[in-house]
$ cat upload10.cif   # mmCIF, C-alpha atoms
data_final
loop_
_atom_site.group_PDB
_atom_site.id
_atom_site.type_symbol
_atom_site.label_atom_id
_atom_site.label_comp_id
_atom_site.auth_asym_id
_atom_site.auth_seq_id
_atom_site.Cartn_x
_atom_site.Cartn_y
_atom_site.Cartn_z
ATOM 1 C CA MET A 1 43.062 139.597 162.783
ATOM 2 C CA SER A 2 40.073 139.361 165.147
ATOM 3 C CA ALA A 3 36.492 138.710 164.042
ATOM 4 C CA LYS A 4 35.581 142.299 164.946
ATOM 5 C CA ASP A 5 38.433 143.749 162.868
ATOM 6 C CA SER A 6 37.505 141.638 159.861
ATOM 7 C CA MET A 7 33.805 142.475 160.147
ATOM 8 C CA ALA A 8 34.431 146.217 160.507
ATOM 9 C CA LYS A 9 36.758 146.375 157.493
ATOM 10 C CA GLU A 10 34.372 144.468 155.266
ATOM 11 C CA TYR A 11 31.317 146.377 156.472
ATOM 12 C CA PHE A 12 32.640 149.942 156.054
ATOM 13 C CA ALA A 13 34.570 149.175 152.857
ATOM 14 C CA ASP A 14 31.211 149.206 151.044
ATOM 15 C CA ASN A 15 31.187 152.479 149.075
ATOM 16 C CA ALA A 16 27.627 153.457 150.051
ATOM 17 C CA ARG A 17 28.347 153.040 153.760
ATOM 18 C CA PHE A 18 31.783 154.656 153.442
ATOM 19 C CA ALA A 19 30.296 157.713 151.695
ATOM 20 C CA ASP A 20 27.484 157.935 154.278
ATOM 21 C CA LEU A 21 30.019 157.823 157.105
ATOM 22 C CA CYS A 22 32.235 160.503 155.532
ATOM 23 C CA ASN A 23 29.345 162.809 154.685
ATOM 24 C CA ASN A 24 28.167 162.801 158.305
ATOM 25 C CA ILE A 25 31.619 163.426 159.750
ATOM 26 C CA LEU A 26 32.835 165.931 157.158
ATOM 27 C CA TYR A 27 29.699 167.602 155.787
ATOM 28 C CA GLY A 28 27.119 167.373 158.567
ATOM 29 C CA GLY A 29 25.075 164.766 156.696
ATOM 30 C CA ARG A 30 24.895 166.585 153.361
ATOM 31 C CA GLU A 31 25.270 164.185 150.423
ATOM 32 C CA VAL A 32 28.512 165.575 148.986
ATOM 33 C CA ILE A 33 30.719 162.495 148.641
ATOM 34 C CA LEU A 34 29.068 160.010 146.281
ATOM 35 C CA PRO A 35 29.705 156.228 146.313
ATOM 36 C CA GLU A 36 30.488 156.173 142.595
ATOM 37 C CA ASN A 37 33.258 158.752 143.114
ATOM 38 C CA LEU A 38 35.212 156.589 145.547
ATOM 39 C CA LYS A 39 38.135 154.414 144.487
ATOM 40 C CA GLU A 40 40.035 151.850 146.557
ATOM 41 C CA ARG A 41 43.656 152.568 147.370
ATOM 42 C CA ASP A 42 46.313 150.233 148.647
ATOM 43 C CA THR A 43 45.925 150.134 152.444
ATOM 44 C CA THR A 44 49.610 149.322 152.924
ATOM 45 C CA GLU A 45 51.651 152.400 153.827
ATOM 46 C CA VAL A 46 55.394 151.925 153.253
ATOM 47 C CA LEU A 47 57.938 154.649 153.898
ATOM 48 C CA THR A 48 61.712 154.370 153.635
ATOM 49 C CA ALA A 49 64.297 156.514 155.381
ATOM 50 C CA LEU A 50 68.041 156.522 156.035
ATOM 51 C CA GLY A 51 69.059 155.357 159.503
ATOM 52 C CA LEU A 52 72.051 156.652 161.518
ATOM 53 C CA ASP A 53 74.221 153.969 159.925
ATOM 54 C CA LYS A 54 73.233 155.231 156.467
ATOM 55 C CA LYS A 55 71.285 152.053 155.796
ATOM 56 C CA THR A 56 67.762 152.256 154.421
ATOM 57 C CA ILE A 57 65.006 151.591 156.961
ATOM 58 C CA ALA A 58 61.588 150.559 155.671
ATOM 59 C CA MET A 59 58.500 151.240 157.781
ATOM 60 C CA GLN A 60 55.221 149.557 156.931
ATOM 61 C CA LYS A 61 51.718 150.071 158.324
ATOM 62 C CA LEU A 62 48.443 148.550 157.196
ATOM 63 C CA ARG A 63 45.397 150.808 157.279
ATOM 64 C CA ASP A 64 41.883 149.424 157.716
ATOM 65 C CA ILE A 65 40.317 151.228 154.726
ATOM 66 C CA PHE A 66 41.789 153.847 152.379
ATOM 67 C CA LYS A 67 39.955 155.453 149.447
ATOM 68 C CA ASN A 68 40.434 158.181 146.886
ATOM 69 C CA ALA A 69 37.450 160.560 146.878
ATOM 70 C CA SER A 70 36.644 162.853 143.948
ATOM 71 C CA ILE A 71 34.434 165.631 145.296
ATOM 72 C CA LYS A 72 32.406 168.151 143.325
ATOM 73 C CA TYR A 73 31.170 170.860 145.667
ATOM 74 C CA THR A 74 30.458 174.608 145.511
ATOM 75 C CA GLY A 75 31.186 174.583 141.799
ATOM 76 C CA LYS A 76 34.684 173.155 142.206
ATOM 77 C CA SER A 77 36.266 169.719 142.041
ATOM 78 C CA TYR A 78 38.533 168.346 144.725
ATOM 79 C CA VAL A 79 40.449 165.151 145.379
ATOM 80 C CA VAL A 80 41.097 163.920 148.902
ATOM 81 C CA LEU A 81 42.411 160.671 150.401
ATOM 82 C CA ILE A 82 40.225 159.315 153.201
ATOM 83 C CA GLY A 83 41.177 156.549 155.589
ATOM 84 C CA VAL A 84 38.928 154.871 158.149
ATOM 85 C CA GLU A 85 40.341 153.230 161.257
ATOM 86 C CA ASN A 86 37.908 151.047 163.202
ATOM 87 C CA GLN A 87 38.273 150.663 166.951
ATOM 88 C CA SER A 88 36.188 148.102 168.848
ATOM 89 C CA ASP A 89 38.100 149.100 171.992
ATOM 90 C CA ILE A 90 39.367 152.438 173.258
ATOM 91 C CA HIS A 91 42.917 153.169 172.047
ATOM 92 C CA TYR A 92 44.759 155.474 174.440
ATOM 93 C CA ALA A 93 47.461 156.341 171.887
ATOM 94 C CA ILE A 94 45.165 156.856 168.886
ATOM 95 C CA PRO A 95 46.525 160.334 167.946
ATOM 96 C CA ILE A 96 50.004 158.809 167.458
ATOM 97 C CA LYS A 97 48.622 155.860 165.501
ATOM 98 C CA ASN A 98 46.585 158.034 163.114
ATOM 99 C CA MET A 99 49.264 160.704 162.801
ATOM 100 C CA PHE A 100 51.751 158.032 161.728
ATOM 101 C CA TYR A 101 49.339 156.834 159.010
ATOM 102 C CA ASP A 102 48.890 160.375 157.703
ATOM 103 C CA VAL A 103 52.615 161.182 157.722
ATOM 104 C CA MET A 104 53.351 157.994 155.783
ATOM 105 C CA ALA A 105 50.633 158.850 153.230
ATOM 106 C CA TYR A 106 52.151 162.307 152.686
ATOM 107 C CA GLY A 107 55.668 160.855 152.627
ATOM 108 C CA ASN A 108 54.656 158.414 149.910
ATOM 109 C CA GLN A 109 53.246 161.242 147.802
ATOM 110 C CA VAL A 110 56.540 163.128 148.062
ATOM 111 C CA LYS A 111 58.473 159.936 147.261
ATOM 112 C CA GLU A 112 56.378 159.202 144.147
ATOM 113 C CA THR A 113 56.684 162.822 142.992
ATOM 114 C CA ALA A 114 60.472 162.725 143.422
ATOM 115 C CA LYS A 115 60.657 159.458 141.492
ATOM 116 C CA LYS A 116 58.762 161.037 138.588
ATOM 117 C CA HIS A 117 61.069 164.067 138.569
ATOM 118 C CA ARG A 118 64.157 161.852 138.502
ATOM 119 C CA LYS A 119 62.699 159.894 135.589
ATOM 120 C CA ASP A 120 61.703 163.014 133.641
ATOM 121 C CA LYS A 121 64.808 165.001 134.719
ATOM 122 C CA ASP A 122 62.696 168.126 134.889
ATOM 123 C CA THR A 123 63.909 169.821 138.090
ATOM 124 C CA THR A 124 65.428 173.223 137.273
ATOM 125 C CA THR A 125 67.256 174.162 140.487
ATOM 126 C CA SER A 126 69.458 172.358 143.004
ATOM 127 C CA ASP A 127 66.832 173.024 145.680
ATOM 128 C CA GLU A 128 64.179 171.234 143.642
ATOM 129 C CA PHE A 129 66.559 168.387 142.886
ATOM 130 C CA LEU A 130 67.465 167.867 146.558
ATOM 131 C CA SER A 131 63.838 168.197 147.672
ATOM 132 C CA GLY A 132 62.462 165.954 144.965
ATOM 133 C CA PHE A 133 59.610 168.465 145.046
ATOM 134 C CA THR A 134 59.076 171.750 143.200
ATOM 135 C CA LYS A 135 57.232 174.912 144.153
ATOM 136 C CA GLU A 136 54.443 173.911 141.767
ATOM 137 C CA ASP A 137 53.984 170.366 143.134
ATOM 138 C CA LYS A 138 50.996 169.874 145.428
ATOM 139 C CA LEU A 139 49.998 167.203 147.915
ATOM 140 C CA ILE A 140 46.587 165.524 148.067
ATOM 141 C CA PRO A 141 45.046 166.143 151.523
ATOM 142 C CA VAL A 142 44.722 163.085 153.778
ATOM 143 C CA ILE A 143 41.873 162.657 156.259
ATOM 144 C CA THR A 144 41.708 159.806 158.768
ATOM 145 C CA ILE A 145 38.431 159.028 160.514
ATOM 146 C CA THR A 146 38.321 156.880 163.656
ATOM 147 C CA VAL A 147 35.093 154.898 164.073
ATOM 148 C CA TYR A 148 34.649 153.684 167.637
ATOM 149 C CA LEU A 149 32.465 150.571 167.692
ATOM 150 C CA GLY A 150 32.391 149.990 171.439
ATOM 151 C CA THR A 151 29.415 150.452 173.768
ATOM 152 C CA LYS A 152 31.299 152.320 176.504
ATOM 153 C CA GLU A 153 31.817 156.080 176.437
ATOM 154 C CA TRP A 154 35.041 157.126 174.713
ATOM 155 C CA ASP A 155 37.456 158.408 177.363
ATOM 156 C CA GLY A 156 40.623 158.261 175.266
ATOM 157 C CA PRO A 157 42.603 161.240 173.886
ATOM 158 C CA ARG A 158 41.137 163.299 171.055
ATOM 159 C CA LYS A 159 44.311 165.171 170.167
ATOM 160 C CA LEU A 160 48.031 164.770 170.648
ATOM 161 C CA SER A 161 48.206 167.391 173.398
ATOM 162 C CA ASP A 162 45.765 165.338 175.508
ATOM 163 C CA MET A 163 48.631 162.856 175.901
ATOM 164 C CA PHE A 164 51.072 165.454 177.297
ATOM 165 C CA GLY A 165 51.782 166.011 180.955
ATOM 166 C CA ASP A 166 52.412 169.502 182.296
ATOM 167 C CA VAL A 167 53.765 171.819 179.590
ATOM 168 C CA ASP A 168 54.945 175.403 179.890
ATOM 169 C CA GLU A 169 52.128 177.448 178.313
ATOM 170 C CA GLU A 170 54.671 179.660 176.549
ATOM 171 C CA LEU A 171 55.897 176.594 174.660
ATOM 172 C CA LEU A 172 52.467 175.409 173.478
ATOM 173 C CA PRO A 173 52.359 177.653 170.354
ATOM 174 C CA PHE A 174 55.559 175.951 169.167
ATOM 175 C CA ILE A 175 54.361 172.365 169.651
ATOM 176 C CA PRO A 176 52.378 171.022 166.665
ATOM 177 C CA ASP A 177 49.147 169.359 167.732
ATOM 178 C CA TYR A 178 47.211 166.606 165.972
ATOM 179 C CA ARG A 179 43.448 166.163 166.336
ATOM 180 C CA ILE A 180 41.655 162.905 165.547
ATOM 181 C CA ASN A 181 38.337 162.810 163.685
ATOM 182 C CA LEU A 182 36.307 160.604 166.004
ATOM 183 C CA LEU A 183 32.878 159.083 165.478
ATOM 184 C CA ALA A 184 31.588 157.616 168.754
ATOM 185 C CA PRO A 185 27.939 156.430 168.642
ATOM 186 C CA ARG A 186 27.313 157.320 172.303
ATOM 187 C CA GLU A 187 27.984 160.976 171.361
ATOM 188 C CA ILE A 188 25.620 161.139 168.363
ATOM 189 C CA THR A 189 22.461 163.139 169.130
ATOM 190 C CA ASP A 190 20.836 163.136 165.675
ATOM 191 C CA PHE A 191 20.838 160.053 163.433
ATOM 192 C CA THR A 192 18.604 161.472 160.692
ATOM 193 C CA GLY A 193 21.583 162.502 158.537
ATOM 194 C CA PHE A 194 22.574 158.892 157.906
ATOM 195 C CA ARG A 195 21.169 157.437 154.686
ATOM 196 C CA THR A 196 22.333 153.818 154.987
ATOM 197 C CA SER A 197 21.890 151.117 157.602
ATOM 198 C CA ILE A 198 24.942 152.314 159.537
ATOM 199 C CA ARG A 199 22.299 154.482 161.204
ATOM 200 C CA GLN A 200 20.739 151.379 162.785
ATOM 201 C CA LEU A 201 24.159 150.053 163.831
ATOM 202 C CA PHE A 202 25.102 153.320 165.545
ATOM 203 C CA GLU A 203 21.691 153.704 167.210
ATOM 204 C CA VAL A 204 21.974 150.248 168.744
ATOM 205 C CA LEU A 205 25.551 150.882 169.894
ATOM 206 C CA LYS A 206 24.436 154.137 171.510
ATOM 207 C CA ASN A 207 21.686 152.400 173.504
ATOM 208 C CA ALA A 208 23.121 148.887 173.971
ATOM 209 C CA TYR A 209 23.818 149.512 177.663
ATOM 210 C CA ASP A 210 20.118 150.188 178.418
ATOM 211 C CA LYS A 211 17.517 147.574 177.369
ATOM 212 C CA GLU A 212 14.606 149.975 177.938
ATOM 213 C CA LYS A 213 16.122 152.592 175.632
ATOM 214 C CA MET A 214 16.915 149.871 173.116
ATOM 215 C CA GLN A 215 13.263 148.787 173.175
ATOM 216 C CA GLU A 216 12.141 152.398 172.673
ATOM 217 C CA VAL A 217 14.470 152.880 169.692
ATOM 218 C CA LEU A 218 13.284 149.678 168.003
ATOM 219 C CA GLN A 219 9.621 150.553 168.491
ATOM 220 C CA ASN A 220 9.865 154.178 167.341
ATOM 221 C CA ASP A 221 12.084 153.810 164.256
ATOM 222 C CA GLU A 222 10.361 151.965 161.414
ATOM 223 C CA LYS A 223 13.724 151.546 159.649
ATOM 224 C CA PHE A 224 14.443 148.701 162.087
ATOM 225 C CA SER A 225 11.684 146.682 160.417
ATOM 226 C CA ARG A 226 13.930 146.267 157.347
ATOM 227 C CA VAL A 227 17.605 145.919 158.200
ATOM 228 C CA ASP A 228 20.079 144.241 155.856
ATOM 229 C CA ARG A 229 21.684 141.015 156.973
ATOM 230 C CA GLU A 230 25.236 142.427 157.175
ATOM 231 C CA THR A 231 24.127 145.188 159.533
ATOM 232 C CA VAL A 232 22.304 142.763 161.852
ATOM 233 C CA GLU A 233 25.425 140.585 161.920
ATOM 234 C CA ALA A 234 27.493 143.678 162.785
ATOM 235 C CA ILE A 235 25.009 144.653 165.514
ATOM 236 C CA ASN A 236 25.199 141.173 167.038
ATOM 237 C CA LEU A 237 29.008 141.264 167.017
ATOM 238 C CA PHE A 238 29.668 144.804 168.243
ATOM 239 C CA ALA A 239 26.665 145.364 170.541
ATOM 240 C CA GLY A 240 26.632 141.839 171.949
ATOM 241 C CA THR A 241 23.007 141.186 170.959
ATOM 242 C CA ASP A 242 21.751 137.798 169.819
ATOM 243 C CA ILE A 243 19.218 138.595 167.105
ATOM 244 C CA ASP A 244 18.197 135.438 165.264
ATOM 245 C CA ILE A 245 19.077 135.539 161.550
ATOM 246 C CA ASP A 246 17.338 133.189 159.170
ATOM 247 C CA GLU A 247 19.887 131.845 156.701
ATOM 248 C CA LYS A 248 17.425 132.455 153.853
ATOM 249 C CA GLU A 249 16.677 136.085 154.720
ATOM 250 C CA GLU A 250 18.671 139.064 153.429
ATOM 251 C CA VAL A 251 16.433 141.611 155.168
ATOM 252 C CA ILE A 252 15.520 141.196 158.840
ATOM 253 C CA ASP A 253 12.700 142.729 160.880
ATOM 254 C CA MET A 254 14.680 143.591 164.004
ATOM 255 C CA CYS A 255 11.609 144.843 165.867
ATOM 256 C CA LYS A 256 9.924 141.457 165.485
ATOM 257 C CA ALA A 257 13.111 139.492 166.162
ATOM 258 C CA TRP A 258 13.797 141.508 169.326
ATOM 259 C CA GLU A 259 10.253 140.961 170.616
ATOM 260 C CA GLU A 260 10.407 137.226 169.879
ATOM 261 C CA GLN A 261 13.722 137.018 171.696
ATOM 262 C CA LYS A 262 12.219 138.776 174.717
ATOM 263 C CA ASN A 263 9.220 136.409 174.740
ATOM 264 C CA GLU A 264 11.513 133.397 174.501
ATOM 265 C CA GLY A 265 13.499 134.824 177.395
ATOM 266 C CA ARG A 266 10.366 135.244 179.503
ATOM 267 C CA GLU A 267 9.221 131.685 178.739
ATOM 268 C CA LEU A 268 12.657 130.330 179.526
ATOM 269 C CA GLY A 269 12.649 132.290 182.768
ATOM 270 C CA ARG A 270 9.219 130.915 183.719
ATOM 271 C CA GLU A 271 10.312 127.347 182.957
ATOM 272 C CA GLU A 272 13.503 127.807 184.949
ATOM 273 C CA GLY A 273 11.403 129.226 187.782
ATOM 274 C CA ARG A 274 9.067 126.236 187.691
ATOM 275 C CA GLU A 275 12.024 123.849 187.723
ATOM 276 C CA GLU A 276 13.614 125.735 190.613
ATOM 277 C CA GLY A 277 10.289 125.509 192.455
ATOM 278 C CA ARG A 278 10.083 121.781 191.895
ATOM 279 C CA GLU A 279 13.693 121.370 193.033
ATOM 280 C CA LEU A 280 13.025 123.493 196.113
ATOM 281 C CA GLY A 281 9.950 121.413 196.932
ATOM 282 C CA ARG A 282 11.926 118.204 196.642
ATOM 283 C CA GLU A 283 14.655 119.560 198.934
ATOM 284 C CA GLU A 284 12.115 120.755 201.540
ATOM 285 C CA GLY A 285 10.475 117.321 201.475
ATOM 286 C CA ARG A 286 13.842 115.639 202.016
ATOM 287 C CA ILE A 287 14.561 117.877 205.024
ATOM 288 C CA ARG A 288 11.153 117.188 206.606
ATOM 289 C CA GLN A 289 11.638 113.438 206.225
ATOM 290 C CA ALA A 290 15.171 113.682 207.660
ATOM 291 C CA LYS A 291 13.855 115.527 210.745
ATOM 292 C CA VAL A 292 11.194 112.869 211.367
ATOM 293 C CA THR A 293 13.779 110.102 211.027
ATOM 294 C CA ALA A 294 16.232 111.927 213.352
ATOM 295 C CA LEU A 295 13.589 112.232 216.111
ATOM 296 C CA LYS A 296 12.712 108.531 215.869
ATOM 297 C CA LEU A 297 16.366 107.519 216.067
ATOM 298 C CA GLN A 298 16.931 109.825 219.066
ATOM 299 C CA LYS A 299 14.053 108.148 220.957
ATOM 300 C CA LYS A 300 15.712 104.773 220.286
ATOM 301 C CA GLY A 301 18.919 106.069 221.934
ATOM 302 C CA HIS A 302 21.127 106.585 218.881
ATOM 303 C CA SER A 303 23.990 109.102 219.122
ATOM 304 C CA ILE A 304 24.051 112.407 217.227
ATOM 305 C CA GLU A 305 26.931 111.099 215.114
ATOM 306 C CA ASP A 306 24.986 107.993 214.065
ATOM 307 C CA ILE A 307 21.815 109.985 213.338
ATOM 308 C CA ALA A 308 23.711 112.496 211.174
ATOM 309 C CA GLU A 309 25.293 109.723 209.165
ATOM 310 C CA CYS A 310 21.940 107.986 208.740
ATOM 311 C CA VAL A 311 20.012 111.061 207.470
ATOM 312 C CA ASP A 312 23.006 112.410 205.469
ATOM 313 C CA PHE A 313 23.168 115.819 207.173
ATOM 314 C CA ASP A 314 25.949 117.361 209.270
ATOM 315 C CA GLU A 315 25.902 116.953 213.066
ATOM 316 C CA GLU A 316 25.320 120.680 213.771
ATOM 317 C CA THR A 317 22.158 120.678 211.656
ATOM 318 C CA VAL A 318 20.853 117.528 213.351
ATOM 319 C CA LYS A 319 21.530 119.017 216.809
ATOM 320 C CA LYS A 320 19.400 122.096 215.909
ATOM 321 C CA TRP A 321 16.537 119.846 214.798
ATOM 322 C CA LEU A 322 16.567 117.809 217.991
ATOM 323 C CA VAL A 323 16.796 120.857 220.290
ATOM 324 C CA SER A 324 13.927 122.696 218.588
#

$ encode --input "upload10.cif" --output "structure tokens"
Amino acid sequence: MSAKDSMAKEYFADNARFADLCNNILYGGREVILPENLKERDTTEVLTALGLDKKTIAMQKLRDIFKNASIKYTGKSYVVLIGVENQSDIHYAIPIKNMFYDVMAYGNQVKETAKKHRKDKDTTTSDEFLSGFTKEDKLIPVITITVYLGTKEWDGPRKLSDMFGDVDEELLPFIPDYRINLLAPREITDFTGFRTSIRQLFEVLKNAYDKEKMQEVLQNDEKFSRVDRETVEAINLFAGTDIDIDEKEEVIDMCKAWEEQKNEGRELGREEGREEGRELGREEGRIRQAKVTALKLQKKGHSIEDIAECVDFDEETVKKWLVS
């Protein structure tokens, strides 16, 4: 597992951040899903099926994050399973990947329901027995959210049909489609709905390609003056910044750190410029001395080859000096 994968899983597994993310994707920023109503689920999806040779085939996939959400909204209570898949790079087959996760989650629900019916022996018809599922049984809805943590614009597919070639339009109504739920920071136009520091992470990712815009964001949003350590570490990793983090600090003033980094960069640039100037001056002095020496040796009758070897320059360069 890469450093980015590990960081993303740990960062968004936090219930407050997870709820904030879901509320913005699913409810337009309204605080509907609460951190205390989220429960971890096993991220391993295992589904078994019979192969052509009648042998059992086991398929296993490991999700990034998977939680059970109890939602109380509009006077009703709901339960939904929410998975988050983090992408630091664009995945050009993401609808297939996410669809597979969802199918396995539904398949596991059917499998567990059938197991309970076999144990209780409570199916009443042959149809129910063969299905392992009754008319009264219900599935818990599964939602998978893809969080893109790259700085480029997302140009991958957003639904299964985006991956098709030419298809007869008359056939389209018969082909099931699958749409991904994508959060791409470059596409966010309003960050005010976010209540946790994922807002600062997404704002930086949106503007990471433009240092002037980054400077404007840091100066105009006072929330950047108090950013938790984990978020600054995530920003450094995913946006490629190099914000200094004091080992003793849990809250970082990113505005100040960014300005200090810029000043250090300017000073380093000036010092490098001064060193380059000194080096250039030394080289120019060496050339002037070599020219003077070449002219003196020419007057004494030395050959071009000897003069070039003496002053440590190539013969063509020495010839130009002596002609001019």

$ closest_atom_pairs --input "upload10.cif" --of "stretch 100-147 of chain A" --to "stretch 15-39 of chain A" --cutoff "10 Å" --atoms "all atoms listed in the file" --output "tab-separated table"
residue	atom	partner	partner_atom	distance
A:Ile143	CA	A:Leu26	CA	9.7
A:Ile145	CA	A:Cys22	CA	8.1
A:Val147	CA	A:Leu21	CA	9.1

$ resolve_selection --input "upload10.cif" --expression "the PyMOL selection byres ((chain A and resi 105) around 9)" --output "JSON, numbers by chain"
{"A": [45, 46, 47, 81, 100, 101, 102, 103, 104, 106, 107, 108, 109, 110, 142]}

$ resolve_selection --input "upload10.cif" --expression "the PyMOL selection byres ((chain A and resi 223) around 10)" --output "compact mmCIF listing (two decimals) with C-alpha atoms, in the frame of the given file"
# COMPACT_ATOMS: atom_id res chain seq x y z
CA SER A 197 21.89 151.12 157.60
CA ARG A 199 22.30 154.48 161.20
CA GLN A 200 20.74 151.38 162.78
CA LEU A 218 13.28 149.68 168.00
CA GLN A 219 9.62 150.55 168.49
CA ASN A 220 9.86 154.18 167.34
CA ASP A 221 12.08 153.81 164.26
CA GLU A 222 10.36 151.96 161.41
CA PHE A 224 14.44 148.70 162.09
CA SER A 225 11.68 146.68 160.42
CA ARG A 226 13.93 146.27 157.35
CA VAL A 227 17.60 145.92 158.20
CA ASP A 253 12.70 142.73 160.88
CA MET A 254 14.68 143.59 164.00
CA CYS A 255 11.61 144.84 165.87

$ residues_around --input "upload10.cif" --residues "A:Leu297" --least-positions-apart "2" --cutoff "12 Å" --atoms "all atoms listed in the file" --output "list in words"
Ala290, Lys291, Val292, Thr293, Ala294, Leu295, Lys299, Lys300, Gly301, His302, Ser303, Ile304, Glu305, Asp306, Ile307, Ala308, Glu309, Cys310, Val311, Val318 and Leu322 of chain A

$ atom_distance --input "upload10.cif" --atom1 "atom CA of A:Gly83" --atom2 "atom CA of A:Arg63"
7.3 Å

$ closest_residue --input "upload10.cif" --among "A:Lys4, A:Lys152, A:Lys159, A:Lys9" --to "A:Asp64" --atoms "all atoms listed in the file"
A:Lys9

$ atom_distance --input "upload10.cif" --atom1 "atom CA of A:Pro141" --atom2 "atom CA of A:Asp127"
23.6 Å

$ resolve_selection --input "upload10.cif" --expression "the PyMOL selection byres ((chain A and resi 204) around 10)" --output "PyMOL selection string"
chain A and resi 151+185-186+198-203+205-210+213-215+217-218+235-236+238-239+241

$ residues_near_point --input "upload10.cif" --point "(35.1, 151.2, 177.3)" --cutoff "8 Å" --atoms "only C-alpha atoms" --output "MDAnalysis selection string"
chainID A and resid 89:90 150:155

$ residues_around --input "upload10.cif" --residues "stretch 162-176 of chain A" --least-positions-apart "6" --cutoff "12 Å" --atoms "all atoms listed in the file" --output "PDB file with C-alpha atoms, keeping the file's coordinate frame"
ATOM      1  CA  HIS A  91      42.917 153.169 172.047  1.00  0.00           C
ATOM      2  CA  TYR A  92      44.759 155.474 174.440  1.00  0.00           C
ATOM      3  CA  ALA A  93      47.461 156.341 171.887  1.00  0.00           C
ATOM      4  CA  ILE A  94      45.165 156.856 168.886  1.00  0.00           C
ATOM      5  CA  PRO A  95      46.525 160.334 167.946  1.00  0.00           C
ATOM      6  CA  ILE A  96      50.004 158.809 167.458  1.00  0.00           C
ATOM      7  CA  MET A  99      49.264 160.704 162.801  1.00  0.00           C
ATOM      8  CA  ASP A 155      37.456 158.408 177.363  1.00  0.00           C
ATOM      9  CA  GLY A 156      40.623 158.261 175.266  1.00  0.00           C
TER      10      GLY A 156
END

$ atom_distance --input "upload10.cif" --atom1 "atom CA of A:Val84" --atom2 "atom CA of A:Thr231"
17.7 Å
